[in-house]
$ cat coords_8.cif   # mmCIF, C-alpha atoms (C1' of nucleotides)
data_final
#
loop_
_atom_site.label_atom_id
_atom_site.label_comp_id
_atom_site.auth_asym_id
_atom_site.auth_seq_id
_atom_site.Cartn_x
_atom_site.Cartn_y
_atom_site.Cartn_z
CA MET A 1007 113.40 116.80 93.13
CA GLN A 1008 111.42 119.47 94.93
CA GLY A 1009 111.28 122.92 93.43
CA ARG A 1010 110.09 124.28 96.72
CA ASP A 1011 111.25 127.48 98.30
CA GLU A 1012 112.08 128.10 101.90
CA SER A 1013 108.80 129.78 102.74
CA ALA A 1014 106.83 126.71 101.78
CA PHE A 1015 108.97 124.53 103.93
CA SER A 1016 106.82 122.83 106.50
CA LYS A 1017 107.65 123.06 110.13
CA ASP A 1018 106.38 119.51 110.41
CA GLU A 1019 108.72 118.04 107.93
CA VAL A 1020 111.93 116.77 109.37
CA ILE A 1021 115.07 115.74 107.69
CA ILE A 1022 116.06 112.97 109.99
CA GLN A 1023 119.69 113.05 110.90
CA ARG A 1024 120.90 109.65 109.93
CA GLU A 1025 124.28 109.16 111.40
CA LYS A 1026 127.17 108.74 109.02
CA LEU A 1027 128.44 105.37 110.07
CA SER A 1028 132.09 104.53 109.60
CA ASP A 1029 133.12 101.13 108.39
CA GLU A 1030 134.23 100.34 111.93
CA ASN A 1031 130.79 101.30 113.28
CA LEU A 1032 129.11 99.04 110.78
CA LYS A 1033 131.32 96.15 111.77
CA ARG A 1034 130.58 96.69 115.42
CA ILE A 1035 126.85 96.66 114.78
CA ILE A 1036 127.19 93.30 113.08
CA ARG A 1037 129.40 91.84 115.80
CA ASP A 1038 127.07 93.16 118.49
CA MET A 1039 124.35 91.07 116.92
CA GLY A 1040 126.53 88.02 117.33
CA LEU A 1041 126.91 87.65 113.57
CA LYS A 1042 129.94 87.31 111.36
CA VAL A 1043 131.18 90.31 109.43
CA THR A 1044 130.94 89.73 105.70
CA ASP A 1045 131.36 92.03 102.73
CA GLN A 1046 127.71 91.57 101.81
CA ARG A 1047 126.50 92.58 105.24
CA LEU A 1048 128.75 95.60 105.29
CA ALA A 1049 127.43 96.59 101.90
CA ILE A 1050 123.80 96.21 102.95
CA LEU A 1051 124.32 98.21 106.12
CA GLY A 1052 126.23 100.76 104.08
CA VAL A 1053 123.25 101.28 101.78
CA LEU A 1054 120.98 101.73 104.78
CA SER A 1055 123.26 104.21 106.48
CA ARG A 1056 124.38 106.22 103.48
CA GLY A 1057 121.42 106.19 101.15
CA ARG A 1058 117.95 107.53 101.28
CA ALA A 1059 115.88 106.35 104.21
CA HIS A 1060 113.15 103.82 103.57
CA VAL A 1061 114.64 101.52 101.00
CA SER A 1062 112.93 98.37 99.86
CA ALA A 1063 114.73 95.05 99.76
CA GLN A 1064 114.76 95.44 96.00
CA GLU A 1065 116.52 98.79 96.26
CA VAL A 1066 119.05 97.46 98.73
CA PHE A 1067 119.71 94.61 96.34
CA GLU A 1068 120.22 96.91 93.37
CA ASN A 1069 122.51 99.21 95.31
CA VAL A 1070 124.67 96.37 96.50
CA LYS A 1071 124.79 94.45 93.24
CA PRO A 1072 127.32 96.66 91.41
CA LYS A 1073 129.93 95.74 94.02
CA TYR A 1074 128.90 92.16 94.68
CA LYS A 1075 127.36 90.94 91.46
CA GLU A 1076 126.71 87.52 92.86
CA ILE A 1077 124.63 88.64 95.84
CA GLY A 1078 121.22 87.04 96.13
CA PHE A 1079 117.93 88.31 97.44
CA ALA A 1080 118.01 85.73 100.19
CA THR A 1081 121.09 87.34 101.70
CA VAL A 1082 119.47 90.75 101.65
CA TYR A 1083 116.23 89.52 103.17
CA ARG A 1084 117.94 87.38 105.75
CA PHE A 1085 120.15 90.17 106.98
CA LEU A 1086 117.35 92.74 106.96
CA LYS A 1087 115.37 90.35 109.09
CA SER A 1088 118.21 89.96 111.57
CA LEU A 1089 118.57 93.73 111.73
CA SER A 1090 114.85 94.14 112.33
CA GLU A 1091 114.78 91.55 115.07
CA LYS A 1092 117.64 93.25 116.83
CA GLN A 1093 115.96 96.64 116.37
CA PHE A 1094 118.80 98.08 114.32
CA VAL A 1095 116.45 98.72 111.46
CA THR A 1096 112.73 99.39 111.44
CA GLU A 1097 110.47 97.78 108.89
CA VAL A 1098 107.80 100.05 107.49
CA ARG A 1099 104.88 98.52 105.64
CA MET A 1100 102.31 100.76 104.05
CA GLY A 1101 99.49 99.90 101.71
CA GLY A 1102 100.19 96.91 99.56
CA PHE A 1103 103.72 98.02 98.81
CA PRO A 1104 106.84 96.00 99.50
CA ALA A 1105 108.26 96.61 102.97
CA ARG A 1106 110.73 99.44 103.33
CA TYR A 1107 113.55 99.56 105.80
CA GLU A 1108 115.28 102.35 107.67
CA LEU A 1109 117.97 102.45 110.33
CA THR A 1110 115.97 102.78 113.52
CA PRO A 1111 115.82 106.52 114.05
CA LYS A 1112 117.01 108.08 117.27
CA SER A 1113 114.15 110.57 117.24
CA HIS A 1114 110.56 109.49 116.85
CA HIS A 1115 108.69 110.41 113.71
CA ASP A 1116 105.61 109.42 111.77
CA HIS A 1117 105.10 108.75 108.08
CA LEU A 1118 103.19 110.35 105.26
CA SER A 1119 103.17 108.17 102.19
CA CYS A 1120 102.00 108.40 98.61
CA SER A 1121 99.48 105.75 97.70
CA VAL A 1122 100.40 106.03 94.04
CA CYS A 1123 104.21 105.80 94.01
CA GLY A 1124 104.87 104.64 97.56
CA LYS A 1125 107.17 107.52 98.42
CA ILE A 1126 107.48 108.14 102.16
CA VAL A 1127 107.94 111.49 103.89
CA GLU A 1128 108.79 111.65 107.58
CA PHE A 1129 107.29 114.21 109.88
CA GLN A 1130 107.05 115.18 113.49
CA ASN A 1131 104.20 117.14 114.96
CA SER A 1132 104.26 117.82 118.64
CA ASP A 1133 100.68 119.09 118.67
CA ILE A 1134 99.43 115.73 117.45
CA GLU A 1135 101.59 113.94 119.99
CA ARG A 1136 100.17 116.10 122.75
CA LEU A 1137 96.59 115.44 121.66
CA GLN A 1138 97.25 111.73 121.60
CA LEU A 1139 98.38 111.89 125.20
CA LEU A 1140 95.20 113.76 126.01
CA VAL A 1141 92.95 111.21 124.32
CA ALA A 1142 94.66 108.44 126.23
CA LYS A 1143 94.40 110.32 129.49
CA ASN A 1144 90.73 111.08 128.94
CA ASN A 1145 90.16 107.36 128.62
CA GLY A 1146 92.24 106.55 131.65
CA PHE A 1147 94.96 104.91 129.57
CA LYS A 1148 98.67 105.20 130.14
CA LEU A 1149 100.01 105.80 126.63
CA THR A 1150 102.95 103.59 125.68
CA GLY A 1151 103.19 103.99 121.94
CA HIS A 1152 101.42 104.73 118.70
CA VAL A 1153 101.37 104.27 114.98
CA LEU A 1154 100.37 107.18 112.81
CA GLU A 1155 100.50 106.72 109.08
CA LEU A 1156 99.04 109.30 106.73
CA TYR A 1157 98.14 108.28 103.20
CA GLY A 1158 97.80 110.65 100.34
CA ILE A 1159 98.93 111.60 96.89
CA CYS A 1160 102.26 113.35 96.61
CA PRO A 1161 102.85 116.47 94.54
CA ASP A 1162 104.52 114.52 91.75
CA CYS A 1163 101.63 112.07 91.40
CA GLN A 1164 98.72 114.48 91.57
CA MET B 1356 83.16 94.47 130.03
CA GLN B 1357 83.42 98.06 131.24
CA GLY B 1358 83.06 98.70 134.95
CA ARG B 1359 83.32 102.39 134.37
CA ASP B 1360 80.98 105.11 135.51
CA GLU B 1361 79.56 107.95 133.50
CA SER B 1362 81.92 110.60 134.84
CA ALA B 1363 84.93 108.84 133.40
CA PHE B 1364 83.38 108.80 129.94
CA SER B 1365 85.64 110.64 127.52
CA LYS B 1366 84.36 113.14 125.02
CA ASP B 1367 86.67 111.47 122.51
CA GLU B 1368 85.29 108.03 122.92
CA VAL B 1369 82.63 106.89 120.51
CA ILE B 1370 80.59 103.75 120.30
CA ILE B 1371 80.48 103.04 116.60
CA GLN B 1372 77.07 102.16 115.23
CA ARG B 1373 77.52 99.31 112.79
CA GLU B 1374 74.42 99.15 110.70
CA LYS B 1375 72.43 95.96 110.37
CA LEU B 1376 71.95 95.65 106.62
CA SER B 1377 68.90 93.97 105.20
CA ASP B 1378 69.05 91.82 102.10
CA GLU B 1379 67.43 94.67 100.17
CA ASN B 1380 70.09 97.08 101.39
CA LEU B 1381 72.81 94.74 100.25
CA LYS B 1382 71.27 94.46 96.81
CA ARG B 1383 71.01 98.20 96.51
CA ILE B 1384 74.67 98.61 97.38
CA ILE B 1385 75.60 96.24 94.59
CA ARG B 1386 73.31 97.89 92.06
CA ASP B 1387 74.58 101.32 93.05
CA MET B 1388 78.02 100.18 92.04
CA GLY B 1389 76.68 99.35 88.58
CA LEU B 1390 77.24 95.65 89.16
CA LYS B 1391 74.97 92.68 88.81
CA VAL B 1392 73.43 91.11 91.89
CA THR B 1393 74.61 87.55 92.36
CA ASP B 1394 74.30 85.13 95.23
CA GLN B 1395 78.04 85.17 95.76
CA ARG B 1396 78.15 88.93 96.05
CA LEU B 1397 75.24 88.95 98.46
CA ALA B 1398 76.96 86.33 100.53
CA ILE B 1399 80.24 88.25 100.63
CA LEU B 1400 78.53 91.48 101.58
CA GLY B 1401 76.51 89.55 104.14
CA VAL B 1402 79.68 88.34 105.85
CA LEU B 1403 81.04 91.87 105.93
CA SER B 1404 77.86 93.34 107.36
CA ARG B 1405 76.95 90.63 109.83
CA GLY B 1406 80.25 89.33 111.10
CA ARG B 1407 83.09 90.76 113.04
CA ALA B 1408 84.70 93.84 111.57
CA HIS B 1409 88.07 93.45 109.87
CA VAL B 1410 87.85 90.12 108.08
CA SER B 1411 90.52 88.84 105.74
CA ALA B 1412 89.76 87.58 102.24
CA GLN B 1413 90.44 84.11 103.60
CA GLU B 1414 87.84 84.55 106.33
CA VAL B 1415 85.28 85.89 103.89
CA PHE B 1416 85.95 82.89 101.70
CA GLU B 1417 85.53 80.41 104.54
CA ASN B 1418 82.34 82.05 105.73
CA VAL B 1419 80.80 82.00 102.28
CA LYS B 1420 81.91 78.51 101.31
CA PRO B 1421 79.36 76.53 103.35
CA LYS B 1422 76.59 78.09 101.25
CA TYR B 1423 78.36 78.28 97.90
CA LYS B 1424 80.83 75.42 97.90
CA GLU B 1425 82.05 76.24 94.45
CA ILE B 1426 83.04 79.80 95.16
CA GLY B 1427 86.60 80.72 94.24
CA PHE B 1428 89.06 83.12 95.80
CA ALA B 1429 89.05 85.15 92.61
CA THR B 1430 85.41 86.04 93.12
CA VAL B 1431 86.04 87.13 96.68
CA TYR B 1432 89.07 89.21 95.78
CA ARG B 1433 87.45 90.72 92.73
CA PHE B 1434 84.38 91.83 94.61
CA LEU B 1435 86.34 93.09 97.60
CA LYS B 1436 88.37 95.14 95.20
CA SER B 1437 85.26 96.62 93.60
CA LEU B 1438 83.89 97.42 97.04
CA SER B 1439 87.14 99.10 98.04
CA GLU B 1440 87.31 101.15 94.89
CA LYS B 1441 83.78 102.36 95.45
CA GLN B 1442 84.56 103.05 99.10
CA PHE B 1443 81.96 100.66 100.42
CA VAL B 1444 84.62 98.75 102.26
CA THR B 1445 87.90 99.88 103.67
CA GLU B 1446 91.02 97.81 103.28
CA VAL B 1447 93.25 97.73 106.32
CA ARG B 1448 96.79 96.44 106.03
CA MET B 1449 98.91 96.09 109.13
CA GLY B 1450 102.34 94.60 109.42
CA GLY B 1451 102.99 91.83 106.96
CA PHE B 1452 99.56 90.35 107.46
CA PRO B 1453 96.97 89.70 104.79
CA ALA B 1454 94.71 92.68 104.14
CA ARG B 1455 91.55 92.93 106.23
CA TYR B 1456 88.32 94.47 105.15
CA GLU B 1457 85.53 96.29 106.95
CA LEU B 1458 82.40 98.02 105.76
CA THR B 1459 83.46 101.63 105.61
CA PRO B 1460 82.21 103.08 108.87
CA LYS B 1461 79.88 106.05 108.59
CA SER B 1462 81.81 107.93 111.21
CA HIS B 1463 85.54 107.82 111.05
CA HIS B 1464 87.32 106.58 114.12
CA ASP B 1465 90.72 105.58 115.41
CA HIS B 1466 91.71 102.97 117.95
CA LEU B 1467 93.17 103.12 121.42
CA SER B 1468 94.08 99.67 122.59
CA CYS B 1469 95.36 98.13 125.77
CA SER B 1470 98.56 96.20 125.28
CA VAL B 1471 97.84 94.09 128.36
CA CYS B 1472 94.25 92.91 127.94
CA GLY B 1473 93.71 93.81 124.29
CA LYS B 1474 90.64 95.92 124.93
CA ILE B 1475 89.97 98.36 122.11
CA VAL B 1476 88.39 101.77 122.51
CA GLU B 1477 87.34 103.63 119.40
CA PHE B 1478 87.70 107.37 119.47
CA GLN B 1479 87.37 110.46 117.34
CA ASN B 1480 89.33 113.62 117.77
CA SER B 1481 88.75 116.37 115.29
CA ASP B 1482 91.75 118.38 116.41
CA ILE B 1483 94.06 115.54 115.49
CA GLU B 1484 92.27 115.13 112.15
CA ARG B 1485 92.71 118.81 111.43
CA LEU B 1486 96.41 118.68 112.23
CA GLN B 1487 96.85 115.69 109.98
CA LEU B 1488 95.34 117.60 107.10
CA LEU B 1489 97.74 120.42 107.83
CA VAL B 1490 100.77 118.17 107.84
CA ALA B 1491 99.74 116.68 104.49
CA LYS B 1492 99.07 120.09 103.01
CA ASN B 1493 102.40 121.44 104.19
CA ASN B 1494 104.09 118.64 102.32
CA GLY B 1495 102.05 119.14 99.19
CA PHE B 1496 100.12 115.90 99.66
CA LYS B 1497 96.45 115.40 99.06
CA LEU B 1498 95.39 113.42 102.12
CA THR B 1499 93.32 110.36 101.34
CA GLY B 1500 93.41 108.41 104.57
CA HIS B 1501 95.29 107.55 107.69
CA VAL B 1502 95.86 104.98 110.35
CA LEU B 1503 96.18 106.10 113.94
CA GLU B 1504 96.56 103.45 116.57
CA LEU B 1505 97.36 104.38 120.16
CA TYR B 1506 98.81 101.73 122.42
CA GLY B 1507 98.66 101.94 126.17
CA ILE B 1508 97.54 100.37 129.39
CA CYS B 1509 93.89 100.66 130.28
CA PRO B 1510 92.59 101.70 133.72
CA ASP B 1511 91.76 98.13 134.70
CA CYS B 1512 95.21 96.83 133.88
CA GLN B 1513 97.31 99.54 135.46
"C1'" DG C 211 70.41 87.50 73.63
"C1'" DT C 212 74.03 90.22 75.43
"C1'" DC C 213 77.41 91.10 78.25
"C1'" DT C 214 79.00 90.60 82.93
"C1'" DA C 215 80.36 87.32 86.59
"C1'" DT C 216 82.18 83.01 87.88
"C1'" DG C 217 85.40 79.07 88.77
"C1'" DC C 218 89.49 77.19 87.70
"C1'" DA C 219 94.19 77.25 86.94
"C1'" DA C 220 98.05 79.60 85.99
"C1'" DA C 221 100.65 83.88 86.72
"C1'" DC C 222 102.65 87.19 89.68
"C1'" DT C 223 104.96 89.65 93.54
"C1'" DA C 224 107.16 89.74 97.80
"C1'" DT C 225 109.42 86.94 100.81
"C1'" DT C 226 111.20 82.52 102.94
"C1'" DT C 227 113.53 78.17 103.07
"C1'" DG C 228 116.54 73.93 101.84
"C1'" DC C 229 120.78 72.68 100.46
"C1'" DA C 230 125.60 72.15 99.17
"C1'" DG C 231 129.59 74.68 98.78
"C1'" DG C 232 132.48 78.89 100.46
"C1'" DG C 233 134.48 81.80 103.85
"C1'" DA C 234 135.03 84.11 108.66
"C1'" DG C 235 136.95 83.44 113.09
"C1'" DC D 1044 138.89 73.35 111.18
"C1'" DT D 1045 134.33 74.41 112.42
"C1'" DC D 1046 130.24 76.46 111.77
"C1'" DC D 1047 128.05 80.26 109.98
"C1'" DC D 1048 126.95 82.53 105.65
"C1'" DT D 1049 126.04 82.61 100.87
"C1'" DG D 1050 123.91 81.90 96.24
"C1'" DC D 1051 120.84 79.37 93.84
"C1'" DA D 1052 116.60 77.41 93.08
"C1'" DA D 1053 112.50 75.95 94.69
"C1'" DA D 1054 108.75 76.84 97.93
"C1'" DT D 1055 105.31 79.83 100.00
"C1'" DA D 1056 101.65 83.26 100.81
"C1'" DG D 1057 98.68 86.57 99.20
"C1'" DT D 1058 96.64 88.34 95.37
"C1'" DT D 1059 95.69 88.99 90.32
"C1'" DT D 1060 94.64 87.59 85.65
"C1'" DG D 1061 93.21 84.80 81.35
"C1'" DC D 1062 89.84 82.09 79.61
"C1'" DA D 1063 85.75 79.44 78.58
"C1'" DT D 1064 81.32 78.74 80.52
"C1'" DA D 1065 77.25 80.05 83.38
"C1'" DG D 1066 74.00 83.30 84.69
"C1'" DA D 1067 71.78 88.17 85.49
"C1'" DC D 1068 69.04 91.47 83.28
#
$ encode --input "coords_8.cif" --output "structure tokens"
Amino acid sequence: MQGRDESAFSKDEVIIQREKLSDENLKRIIRDMGLKVTDQRLAILGVLSRGRAHVSAQEVFENVKPKYKEIGFATVYRFLKSLSEKQFVTEVRMGGFPARYELTPKSHHDHLSCSVCGKIVEFQNSDIERLQLLVAKNNGFKLTGHVLELYGICPDCQ
Amino acid sequence: MQGRDESAFSKDEVIIQREKLSDENLKRIIRDMGLKVTDQRLAILGVLSRGRAHVSAQEVFENVKPKYKEIGFATVYRFLKSLSEKQFVTEVRMGGFPARYELTPKSHHDHLSCSVCGKIVEFQNSDIERLQLLVAKNNGFKLTGHVLELYGICPDCQ
DNA sequence: GTCTATGCAAACTATTTGCAGGGAG
DNA sequence: CTCCCTGCAAATAGTTTGCATAGAC
């Protein structure tokens, strides 16, 4: 999808290591939430853990449907909501696009998203993080968190 | 609201000047967009320029209604959209909440807010802006905007 | 007078909820 | 066997669009 050579590879861009979760892991996550293990829930979690990060409910639905043709949107939304509430997944909303979901990453990162197609790229930049701390300190604040979302037009949409 | 002395004043912090727009100014804005001047449009712009920053379409509607009881949501949305497209207002979407609109500030700024008392400090930091551009460029994106919100605990609340 | 803007209602998109039956523990 | 979970359909919230009329220029 990206005819980009090594030299152009940004130091900021990160390929987040999403853990490969075994079926047993998935089941434990569900049980830890105090919920029952069902095929649908396993399938939804499977999509989140195996597939591309940042999937919309629609995409989850379409990925699960081949196996469980009778699954409904309600099931997808309801489970995604449970997962969000329990912090197992993070809901990312950008622009007017449908929410996208990712397994809550171990390592912090920010998002760069395309305002045309909605594609999301993750990045980390320690210089920005450091400057944020500085701004907070200069204002006497103790920094506890931040949201940094960059909007732009991706190479494919330009 | 700020029992703080001069020495603690950060170089990053800015007090945003929100311009007081006269009726003539409002009309000019509308004409400059190549649109016709109507009472409804003046009223909508008036709400944006006089009231609190970051109003939702709903709030604009409610503020205009007393004067123009027959106004419809469509008019509000349509004009807000025109204003956004022409960059006269900026659309801010956070979480799953309805979009909020503010007259595009002359000087760009970000927010540092206290998670205890809710106080908001606006700041500018050109180093961070520069780094953001770099991140976008490294990923082949054309940067069009960003949201940077820092959360922390202010001096008074620590 | 011409063409844009408006109000209304209906359409649309993303998401949530009510309900009766189905399945996990 | 008991609830929780599911699918379906209907409901909701925010926003957009189609259309006939009203109004700006």
$ calpha_fit_and_write --input "coords_8.cif" --fixed "chain B" --moving "chain A" --output "CSV table (one decimal) with C-alpha atoms, keeping the file's coordinate frame"
chain,number,residue,atom,x,y,z
A,1007,MET,CA,83.1,92.3,127.0
A,1008,GLN,CA,83.9,95.6,128.7
A,1009,GLY,CA,82.9,96.0,132.3
A,1010,ARG,CA,83.2,99.7,132.0
A,1011,ASP,CA,80.9,102.2,133.5
A,1012,GLU,CA,79.5,105.3,131.9
A,1013,SER,CA,81.9,107.7,133.6
A,1014,ALA,CA,84.9,106.0,132.1
A,1015,PHE,CA,83.5,106.2,128.7
A,1016,SER,CA,85.8,108.2,126.5
A,1017,LYS,CA,84.6,111.1,124.6
A,1018,ASP,CA,87.0,110.0,121.8
A,1019,GLU,CA,85.6,106.6,121.4
A,1020,VAL,CA,82.9,106.4,118.8
A,1021,ILE,CA,80.5,103.7,118.0
A,1022,ILE,CA,80.3,104.1,114.3
A,1023,GLN,CA,76.8,103.9,113.0
A,1024,ARG,CA,77.0,101.2,110.5
A,1025,GLU,CA,73.9,101.3,108.4
A,1026,LYS,CA,71.6,98.3,108.6
A,1027,LEU,CA,71.4,97.3,105.0
A,1028,SER,CA,68.4,95.5,103.7
A,1029,ASP,CA,68.7,92.7,101.3
A,1030,GLU,CA,67.6,95.0,98.5
A,1031,ASN,CA,70.4,97.5,99.4
A,1032,LEU,CA,73.0,94.8,99.3
A,1033,LYS,CA,71.8,93.7,95.9
A,1034,ARG,CA,72.0,97.2,94.6
A,1035,ILE,CA,75.5,97.7,95.9
A,1036,ILE,CA,76.5,94.6,93.9
A,1037,ARG,CA,74.7,95.6,90.8
A,1038,ASP,CA,76.2,99.1,91.0
A,1039,MET,CA,79.6,97.5,90.8
A,1040,GLY,CA,78.6,95.9,87.6
A,1041,LEU,CA,78.7,92.4,89.1
A,1042,LYS,CA,76.3,89.6,89.3
A,1043,VAL,CA,74.2,89.0,92.4
A,1044,THR,CA,75.0,85.7,94.0
A,1045,ASP,CA,74.1,84.1,97.3
A,1046,GLN,CA,77.8,84.1,98.3
A,1047,ARG,CA,78.2,87.8,97.6
A,1048,LEU,CA,75.1,88.7,99.5
A,1049,ALA,CA,76.3,86.6,102.4
A,1050,ILE,CA,79.7,88.3,102.5
A,1051,LEU,CA,78.2,91.7,102.3
A,1052,GLY,CA,75.7,90.7,105.0
A,1053,VAL,CA,78.5,89.8,107.3
A,1054,LEU,CA,80.2,93.1,106.7
A,1055,SER,CA,77.0,95.1,107.3
A,1056,ARG,CA,75.6,93.2,110.2
A,1057,GLY,CA,78.6,92.0,112.1
A,1058,ARG,CA,81.3,93.7,114.0
A,1059,ALA,CA,83.4,96.2,112.0
A,1060,HIS,CA,86.9,95.2,111.0
A,1061,VAL,CA,86.6,91.5,110.1
A,1062,SER,CA,89.4,89.6,108.6
A,1063,ALA,CA,88.9,87.5,105.5
A,1064,GLN,CA,89.1,84.5,107.8
A,1065,GLU,CA,86.2,85.8,109.9
A,1066,VAL,CA,84.1,86.6,106.9
A,1067,PHE,CA,84.7,83.0,105.7
A,1068,GLU,CA,83.8,81.5,109.0
A,1069,ASN,CA,80.6,83.6,109.2
A,1070,VAL,CA,79.5,82.7,105.8
A,1071,LYS,CA,80.4,79.0,105.9
A,1072,PRO,CA,77.4,77.8,108.0
A,1073,LYS,CA,75.1,78.9,105.2
A,1074,TYR,CA,77.2,78.1,102.2
A,1075,LYS,CA,79.4,75.2,103.3
A,1076,GLU,CA,81.1,74.9,100.0
A,1077,ILE,CA,82.3,78.5,99.8
A,1078,GLY,CA,86.0,78.9,99.2
A,1079,PHE,CA,88.5,81.5,100.4
A,1080,ALA,CA,89.0,82.6,96.8
A,1081,THR,CA,85.5,83.8,96.6
A,1082,VAL,CA,85.8,85.8,99.8
A,1083,TYR,CA,89.1,87.4,98.8
A,1084,ARG,CA,88.0,88.1,95.3
A,1085,PHE,CA,84.8,89.9,96.3
A,1086,LEU,CA,86.5,91.8,99.1
A,1087,LYS,CA,89.0,93.0,96.6
A,1088,SER,CA,86.2,94.1,94.3
A,1089,LEU,CA,84.5,95.9,97.1
A,1090,SER,CA,87.8,97.6,98.1
A,1091,GLU,CA,88.5,98.8,94.6
A,1092,LYS,CA,85.1,100.3,94.3
A,1093,GLN,CA,85.5,101.9,97.7
A,1094,PHE,CA,82.5,100.1,99.3
A,1095,VAL,CA,84.8,98.6,101.9
A,1096,THR,CA,88.0,99.9,103.4
A,1097,GLU,CA,91.0,97.6,104.0
A,1098,VAL,CA,92.8,98.2,107.2
A,1099,ARG,CA,96.2,96.7,107.7
A,1100,MET,CA,98.0,97.0,111.0
A,1101,GLY,CA,101.2,95.4,112.2
A,1102,GLY,CA,101.8,92.0,110.7
A,1103,PHE,CA,98.2,91.0,111.1
A,1104,PRO,CA,95.9,89.8,108.3
A,1105,ALA,CA,94.0,92.6,106.7
A,1106,ARG,CA,90.7,93.6,108.2
A,1107,TYR,CA,87.8,95.0,106.3
A,1108,GLU,CA,85.0,97.4,107.1
A,1109,LEU,CA,82.2,99.0,105.1
A,1110,THR,CA,83.6,102.3,104.2
A,1111,PRO,CA,82.4,104.6,107.0
A,1112,LYS,CA,80.4,107.7,106.3
A,1113,SER,CA,82.2,109.6,109.0
A,1114,HIS,CA,86.0,109.7,109.3
A,1115,HIS,CA,87.7,108.0,112.1
A,1116,ASP,CA,91.1,106.7,113.1
A,1117,HIS,CA,92.2,103.4,114.6
A,1118,LEU,CA,93.7,102.3,117.9
A,1119,SER,CA,94.8,98.7,117.7
A,1120,CYS,CA,96.2,96.1,120.1
A,1121,SER,CA,99.5,94.7,119.1
A,1122,VAL,CA,98.9,91.5,121.0
A,1123,CYS,CA,95.5,90.4,119.9
A,1124,GLY,CA,94.9,92.7,116.9
A,1125,LYS,CA,91.7,94.1,118.2
A,1126,ILE,CA,90.8,97.5,116.7
A,1127,VAL,CA,89.0,100.4,118.4
A,1128,GLU,CA,87.8,103.4,116.3
A,1129,PHE,CA,88.1,106.9,117.6
A,1130,GLN,CA,87.6,110.4,116.5
A,1131,ASN,CA,89.4,113.4,118.1
A,1132,SER,CA,88.7,116.8,116.7
A,1133,ASP,CA,91.6,118.3,118.6
A,1134,ILE,CA,94.1,116.1,116.8
A,1135,GLU,CA,92.4,116.8,113.5
A,1136,ARG,CA,92.7,120.5,114.1
A,1137,LEU,CA,96.4,120.3,115.1
A,1138,GLN,CA,97.1,118.3,111.9
A,1139,LEU,CA,95.6,121.1,109.9
A,1140,LEU,CA,97.8,123.5,111.8
A,1141,VAL,CA,101.0,121.5,111.1
A,1142,ALA,CA,100.2,121.4,107.5
A,1143,LYS,CA,99.4,125.1,107.3
A,1144,ASN,CA,102.6,125.9,109.2
A,1145,ASN,CA,104.5,124.1,106.4
A,1146,GLY,CA,102.6,125.7,103.7
A,1147,PHE,CA,100.8,122.5,102.8
A,1148,LYS,CA,97.2,122.1,101.8
A,1149,LEU,CA,96.1,119.1,103.8
A,1150,THR,CA,94.2,116.5,101.7
A,1151,GLY,CA,94.2,113.4,104.0
A,1152,HIS,CA,96.0,111.5,106.7
A,1153,VAL,CA,96.5,108.2,108.3
A,1154,LEU,CA,96.7,107.9,112.1
A,1155,GLU,CA,97.1,104.5,113.6
A,1156,LEU,CA,97.8,104.1,117.3
A,1157,TYR,CA,99.3,100.9,118.6
A,1158,GLY,CA,99.1,99.7,122.1
A,1159,ILE,CA,98.1,96.9,124.4
A,1160,CYS,CA,94.4,96.6,125.1
A,1161,PRO,CA,92.9,96.2,128.6
A,1162,ASP,CA,92.4,92.5,128.1
A,1163,CYS,CA,95.9,91.8,127.0
A,1164,GLN,CA,97.8,93.8,129.6
$ atom_distance --input "coords_8.cif" --atom1 "atom CA of Asn1480 of chain B" --atom2 "atom CA of Val1141 of chain A"
7.9 Å
$ interface_residues --input "coords_8.cif" --of "chain A" --to "chain C" --cutoff "10 Å" --atoms "all atoms listed in the file" --output "VMD selection string"
chain A and resid 1042 to 1044 1063 to 1064 1079 to 1080 1083 to 1084 1103 to 1105
$ resolve_selection --input "coords_8.cif" --expression "the PyMOL selection byres ((chain B) within 9 of (chain A))" --output "PyMOL selection string"
chain B and resi 1363-1368+1446-1451+1454+1467-1470+1476+1478-1480+1482-1484+1486-1487+1490-1511+1513
$ resolve_selection --input "coords_8.cif" --expression "the PyMOL selection byres ((chain B and resi 1400) around 10)" --output "count of residues only"
27
$ resolve_selection --input "coords_8.cif" --expression "the PyMOL selection byres ((chain A) within 8 of (chain D))" --output "mmCIF file with C-alpha atoms, keeping the file's coordinate frame"
data_model
loop_
_atom_site.group_PDB
_atom_site.id
_atom_site.type_symbol
_atom_site.label_atom_id
_atom_site.label_comp_id
_atom_site.auth_asym_id
_atom_site.auth_seq_id
_atom_site.Cartn_x
_atom_site.Cartn_y
_atom_site.Cartn_z
ATOM 1 C CA LYS A 1042 129.940 87.310 111.360
ATOM 2 C CA GLU A 1076 126.710 87.520 92.860
ATOM 3 C CA ILE A 1077 124.630 88.640 95.840
ATOM 4 C CA GLY A 1078 121.220 87.040 96.130
ATOM 5 C CA THR A 1081 121.090 87.340 101.700
#
$ atom_distance --input "coords_8.cif" --atom1 "atom CA of Lys1474 of chain B" --atom2 "atom CA of Lys1092 of chain A"
28.3 Å
$ atom_distance --input "coords_8.cif" --atom1 "atom CA of Thr1445 of chain B" --atom2 "atom CA of Asp1116 of chain A"
21.7 Å
$ decode --input "coords_8.cif" --residues "segment 1047-1054 of chain D" --atoms "C-alpha atoms (C1' of nucleotides)" --output "compact mmCIF listing (two decimals), in the first residue's frame"
# COMPACT_ATOMS: atom_id res chain seq x y z
C1' DC D 1047 -27.06 -13.11 30.49
C1' DC D 1048 -26.56 -12.54 25.54
C1' DT D 1049 -28.25 -12.25 20.99
C1' DG D 1050 -30.71 -10.76 16.72
C1' DC D 1051 -34.12 -8.08 15.06
C1' DA D 1052 -36.51 -4.02 14.59
C1' DA D 1053 -37.57 0.22 16.13
C1' DA D 1054 -35.84 4.37 18.39
